[in-house]
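Text of the file entry.cif, holding mmCIF, C-alpha atoms:
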```
data_upload
loop_
_atom_site.label_atom_id
_atom_site.label_comp_id
_atom_site.auth_asym_id
_atom_site.auth_seq_id
_atom_site.Cartn_x
_atom_site.Cartn_y
_atom_site.Cartn_z
CA MET A 1394 -19.27 59.45 -13.37
CA ASP A 1395 -22.66 58.30 -12.17
CA ARG A 1396 -23.72 54.73 -11.48
CA GLY A 1397 -25.30 54.24 -14.90
CA GLU A 1398 -22.05 54.93 -16.73
CA GLN A 1399 -20.00 52.52 -14.57
CA GLY A 1400 -22.02 49.48 -15.44
CA LEU A 1401 -22.82 46.62 -13.10
CA LEU A 1402 -19.35 46.07 -11.66
CA ARG A 1403 -18.44 47.61 -8.33
CA THR A 1404 -15.11 49.34 -8.23
CA ASP A 1405 -14.86 49.85 -4.47
CA PRO A 1406 -13.14 47.05 -2.53
CA VAL A 1407 -15.26 44.57 -0.62
CA PRO A 1408 -13.67 43.44 2.68
CA GLU A 1409 -12.74 39.77 2.81
CA GLU A 1410 -13.57 37.62 5.82
CA GLY A 1411 -11.14 38.45 8.63
CA GLU A 1412 -9.84 41.56 6.87
CA ASP A 1413 -9.37 44.55 9.11
CA VAL A 1414 -12.34 46.89 8.63
CA VAL A 1415 -10.18 49.96 9.28
CA ALA A 1416 -7.92 49.00 6.34
CA THR A 1417 -10.86 48.99 3.91
CA ILE A 1418 -12.11 52.48 4.64
CA SER A 1419 -11.16 54.74 1.78
CA ALA A 1420 -9.00 57.81 2.32
CA THR A 1421 -11.90 60.14 1.52
CA GLU A 1422 -13.96 58.68 4.34
CA THR A 1423 -12.71 59.69 7.76
CA LEU A 1424 -13.60 58.35 11.15
CA SER A 1425 -14.53 60.61 13.93
CA GLU A 1426 -12.23 60.69 16.92
CA GLU A 1427 -14.93 58.96 18.93
CA GLU A 1428 -15.17 56.09 16.39
CA ARG A 1429 -11.41 55.70 16.35
CA GLU A 1430 -11.28 55.51 20.13
CA GLU A 1431 -14.07 52.90 20.15
CA LEU A 1432 -12.17 50.77 17.59
CA ARG A 1433 -8.93 51.04 19.62
CA ARG A 1434 -10.75 49.87 22.77
CA GLU A 1435 -12.29 46.95 20.86
CA LEU A 1436 -8.88 46.08 19.41
CA ALA A 1437 -7.27 46.13 22.86
CA LYS A 1438 -10.10 44.01 24.27
CA VAL A 1439 -9.80 41.36 21.50
CA GLU A 1440 -6.00 41.20 21.88
CA GLU A 1441 -6.41 40.74 25.65
CA GLU A 1442 -8.95 37.95 25.10
CA ILE A 1443 -6.55 36.22 22.70
CA GLN A 1444 -3.73 36.47 25.24
CA THR A 1445 -5.96 35.07 28.00
CA LEU A 1446 -7.12 32.19 25.79
CA SER A 1447 -3.50 31.37 24.90
CA GLN A 1448 -2.57 31.26 28.58
CA VAL A 1449 -5.57 29.06 29.42
CA LEU A 1450 -4.71 26.72 26.54
CA ALA A 1451 -1.09 26.44 27.70
CA ALA A 1452 -2.25 25.67 31.27
CA LYS A 1453 -4.67 23.00 29.99
CA GLU A 1454 -1.95 21.39 27.86
CA LYS A 1455 0.39 21.33 30.86
CA HIS A 1456 -2.34 19.75 33.00
CA LEU A 1457 -3.02 17.18 30.26
CA THR A 1458 0.67 16.25 30.13
CA GLU A 1459 0.78 15.84 33.91
CA ILE A 1460 -2.30 13.57 33.91
CA LYS A 1461 -0.81 11.42 31.13
CA ARG A 1462 2.47 11.15 33.03
CA LYS A 1463 0.64 10.01 36.18
CA LEU A 1464 -1.30 7.42 34.17
CA GLY A 1465 1.90 6.17 32.54
CA ILE A 1466 0.77 7.08 29.06
CA ASN A 1467 3.75 7.86 26.87
CA SER A 1468 3.92 9.04 23.27
CA LEU A 1469 4.29 5.52 21.86
CA GLN A 1470 1.26 4.22 23.74
CA GLU A 1471 -0.70 7.28 22.68
CA LEU A 1472 0.30 6.71 19.06
CA LYS A 1473 -0.77 3.05 19.29
CA GLN A 1474 -4.12 4.09 20.76
CA ASN A 1475 -4.62 6.70 18.05
CA ILE A 1476 -3.82 4.20 15.31
CA ALA A 1477 -6.12 1.57 16.83
CA LYS A 1478 -8.91 4.13 17.20
CA GLY A 1479 -8.34 5.37 13.65
CA TRP A 1480 -8.43 1.81 12.27
CA GLN A 1481 -11.58 1.09 14.24
CA ASP A 1482 -13.17 4.24 12.80
CA VAL A 1483 -12.14 3.26 9.27
CA THR A 1484 -13.49 -0.29 9.57
CA ALA A 1485 -16.78 1.06 10.87
CA THR A 1486 -17.43 3.12 7.75
CA SER A 1487 -19.83 1.87 5.12
CA ALA A 1488 -17.24 2.51 2.40
CA TYR A 1489 -14.77 0.14 4.10
CA LYS A 1490 -17.43 -2.50 4.57
CA LYS A 1491 -18.50 -2.29 0.93
CA THR A 1492 -14.89 -2.38 -0.25
CA SER A 1493 -14.08 -5.32 1.99
CA GLU A 1494 -17.11 -7.23 0.76
CA THR A 1495 -16.28 -6.47 -2.87
CA LEU A 1496 -12.65 -7.57 -2.44
CA SER A 1497 -13.78 -10.75 -0.71
CA GLN A 1498 -16.09 -11.58 -3.59
CA ALA A 1499 -13.36 -10.75 -6.10
CA GLY A 1500 -10.97 -13.05 -4.24
CA GLN A 1501 -13.47 -15.89 -4.31
CA LYS A 1502 -14.04 -15.39 -8.04
CA ALA A 1503 -10.29 -15.24 -8.71
CA SER A 1504 -9.77 -18.41 -6.69
CA ALA A 1505 -12.46 -20.18 -8.67
CA ALA A 1506 -10.94 -18.92 -11.94
CA PHE A 1507 -7.45 -20.13 -10.99
CA SER A 1508 -8.87 -23.49 -9.99
CA SER A 1509 -10.65 -23.70 -13.33
CA VAL A 1510 -7.47 -22.75 -15.20
CA GLY A 1511 -5.56 -25.41 -13.25
CA SER A 1512 -8.13 -28.02 -14.20
CA VAL A 1513 -7.96 -27.01 -17.85
CA ILE A 1514 -4.15 -27.18 -17.84
CA THR A 1515 -4.20 -30.59 -16.18
CA LYS A 1516 -6.67 -31.88 -18.77
CA LYS A 1517 -4.60 -30.47 -21.62
CA LEU A 1518 -1.44 -32.10 -20.25
CA GLU A 1519 -3.27 -35.41 -19.99
CA ASP A 1520 -4.46 -34.98 -23.59
CA VAL A 1521 -0.89 -34.30 -24.72
CA LYS A 1522 0.40 -37.32 -22.80
CA ASN A 1523 -2.21 -39.53 -24.44
CA SER A 1524 -1.65 -38.10 -27.93
CA PRO A 1525 -0.09 -40.29 -30.65
CA THR A 1526 2.78 -37.84 -31.08
CA PHE A 1527 3.71 -38.04 -27.41
CA LYS A 1528 3.33 -41.84 -27.43
CA SER A 1529 5.68 -42.03 -30.43
CA PHE A 1530 8.18 -39.74 -28.69
CA GLU A 1531 7.93 -41.80 -25.51
CA GLU A 1532 8.62 -45.01 -27.48
CA LYS A 1533 11.69 -43.44 -29.08
CA VAL A 1534 13.02 -42.39 -25.69
CA GLU A 1535 12.41 -45.89 -24.35
CA ASN A 1536 14.25 -47.39 -27.34
CA LEU A 1537 17.14 -45.00 -26.79
CA LYS A 1538 17.24 -45.88 -23.11
CA SER A 1539 17.37 -49.60 -23.89
CA LYS A 1540 20.15 -49.10 -26.44
CA VAL A 1541 22.20 -46.94 -24.09
CA GLY A 1542 21.45 -48.95 -20.97
CA GLY A 1543 21.84 -52.40 -22.43
CA THR A 1544 19.39 -55.07 -21.36
CA LYS A 1545 17.76 -53.00 -18.65
CA PRO A 1546 13.99 -53.23 -18.77
CA ALA A 1547 12.15 -50.17 -20.04
CA GLY A 1548 10.68 -47.93 -17.38
CA GLY A 1549 13.82 -47.22 -15.34
CA ASP A 1550 14.32 -43.68 -14.22
CA PHE A 1551 16.87 -41.32 -15.72
CA GLY A 1552 19.32 -41.84 -12.86
CA GLU A 1553 19.34 -45.57 -13.48
CA VAL A 1554 19.94 -45.00 -17.19
CA LEU A 1555 22.91 -42.73 -16.43
CA ASN A 1556 24.35 -45.23 -13.95
CA SER A 1557 23.99 -48.11 -16.37
CA THR A 1558 25.61 -46.05 -19.14
CA ALA A 1559 28.49 -45.15 -16.86
CA ASN A 1560 28.93 -48.78 -15.84
CA ALA A 1561 28.81 -49.94 -19.46
CA SER A 1562 31.49 -47.47 -20.55
CA SER A 1563 33.78 -48.28 -17.62
CA THR A 1564 33.71 -52.00 -18.36
CA THR A 1565 34.73 -51.45 -21.97
CA THR A 1566 37.73 -49.29 -21.04
CA GLU A 1567 39.23 -51.74 -18.52
CA PRO A 1568 42.34 -53.43 -19.87
CA LEU A 1569 42.07 -57.10 -20.56
CA PRO A 1570 44.24 -59.43 -18.44
CA GLU A 1571 46.24 -60.42 -21.53
CA GLN A 1572 47.09 -56.77 -22.25
CA THR A 1573 48.41 -56.23 -18.76
CA GLN A 1574 50.69 -59.27 -19.01
CA GLU A 1575 52.08 -58.22 -22.38
CA SER A 1576 52.82 -54.72 -21.22
CA LEU A 1577 54.93 -56.05 -18.37
#
```

Would you kindly transcribe this structure into structure tokens?
Amino acid sequence: MDRGEQGLLRTDPVPEEGEDVVATISATETLSEEEREELRRELAKVEEEIQTLSQVLAAKEKHLTEIKRKLGINSLQELKQNIAKGWQDVTATSAYKKTSETLSQAGQKASAAFSSVGSVITKKLEDVKNSPTFKSFEEKVENLKSKVGGTKPAGGDFGEVLNSTANASSTTTEPLPEQTQESL
């Protein structure tokens, strides 16, 4: 099959990044012994470099730990420093500053709205208190208080009304002196 009959799609595999080049060579293509030997030397060299870098990294990490120990830096202090640094980095961003400013403005607007709602509620309660219906209800409560409490002047608080009612009922249930003499 020639290229024209296959169309535009390639059928041979394309090596991915990091994929071993030797694994992508098709079985029909063979490497010369010289090419194979060159690839083996390169493979050995890269593996040796990786081993050396791992050893250097381990030595550096050990040295870092020793320096921190001498400075008295422990994991908790390091965590605190990392968090503080991270927070400082976050607060320095323009997104944080914009968000903070927006939230501050929203808070001010909400505070003003709640204050306005409070003023409206206070005004409405005053309107209700001054309404004829409430005045009529208030008069009826005052009349009831005077009937229950006897000759107490209107305007006493609820506790006084209860006390006067209790006193009035206790005086009516006391036996008369004549009744006590007859029962003896």

**OP:** State, in Å with one decimal place, the distance from atom CA of Leu1472 of chain A to atom CA of Thr1458 of chain A.
**Re:**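 If I compute the distance from atom CA of Leu1472 of chain A to atom CA of Thr1458 of chain A, I get 14.6 Å.
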
**OP:** One decimal, Å: what's the distance from atom CA of Thr1492 of chain A over to atom CA of Gly1511 of chain A, could you say?
**Re:**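 A separation of 28.0 Å between them.
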
Original post:
What gap, in Å, lies between atom CA of Lys1478 of chain A and atom CA of Glu1459 of chain A?
Top reply: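 Between atom CA of Lys1478 of chain A and atom CA of Glu1459 of chain A the gap is 22.6 Å.
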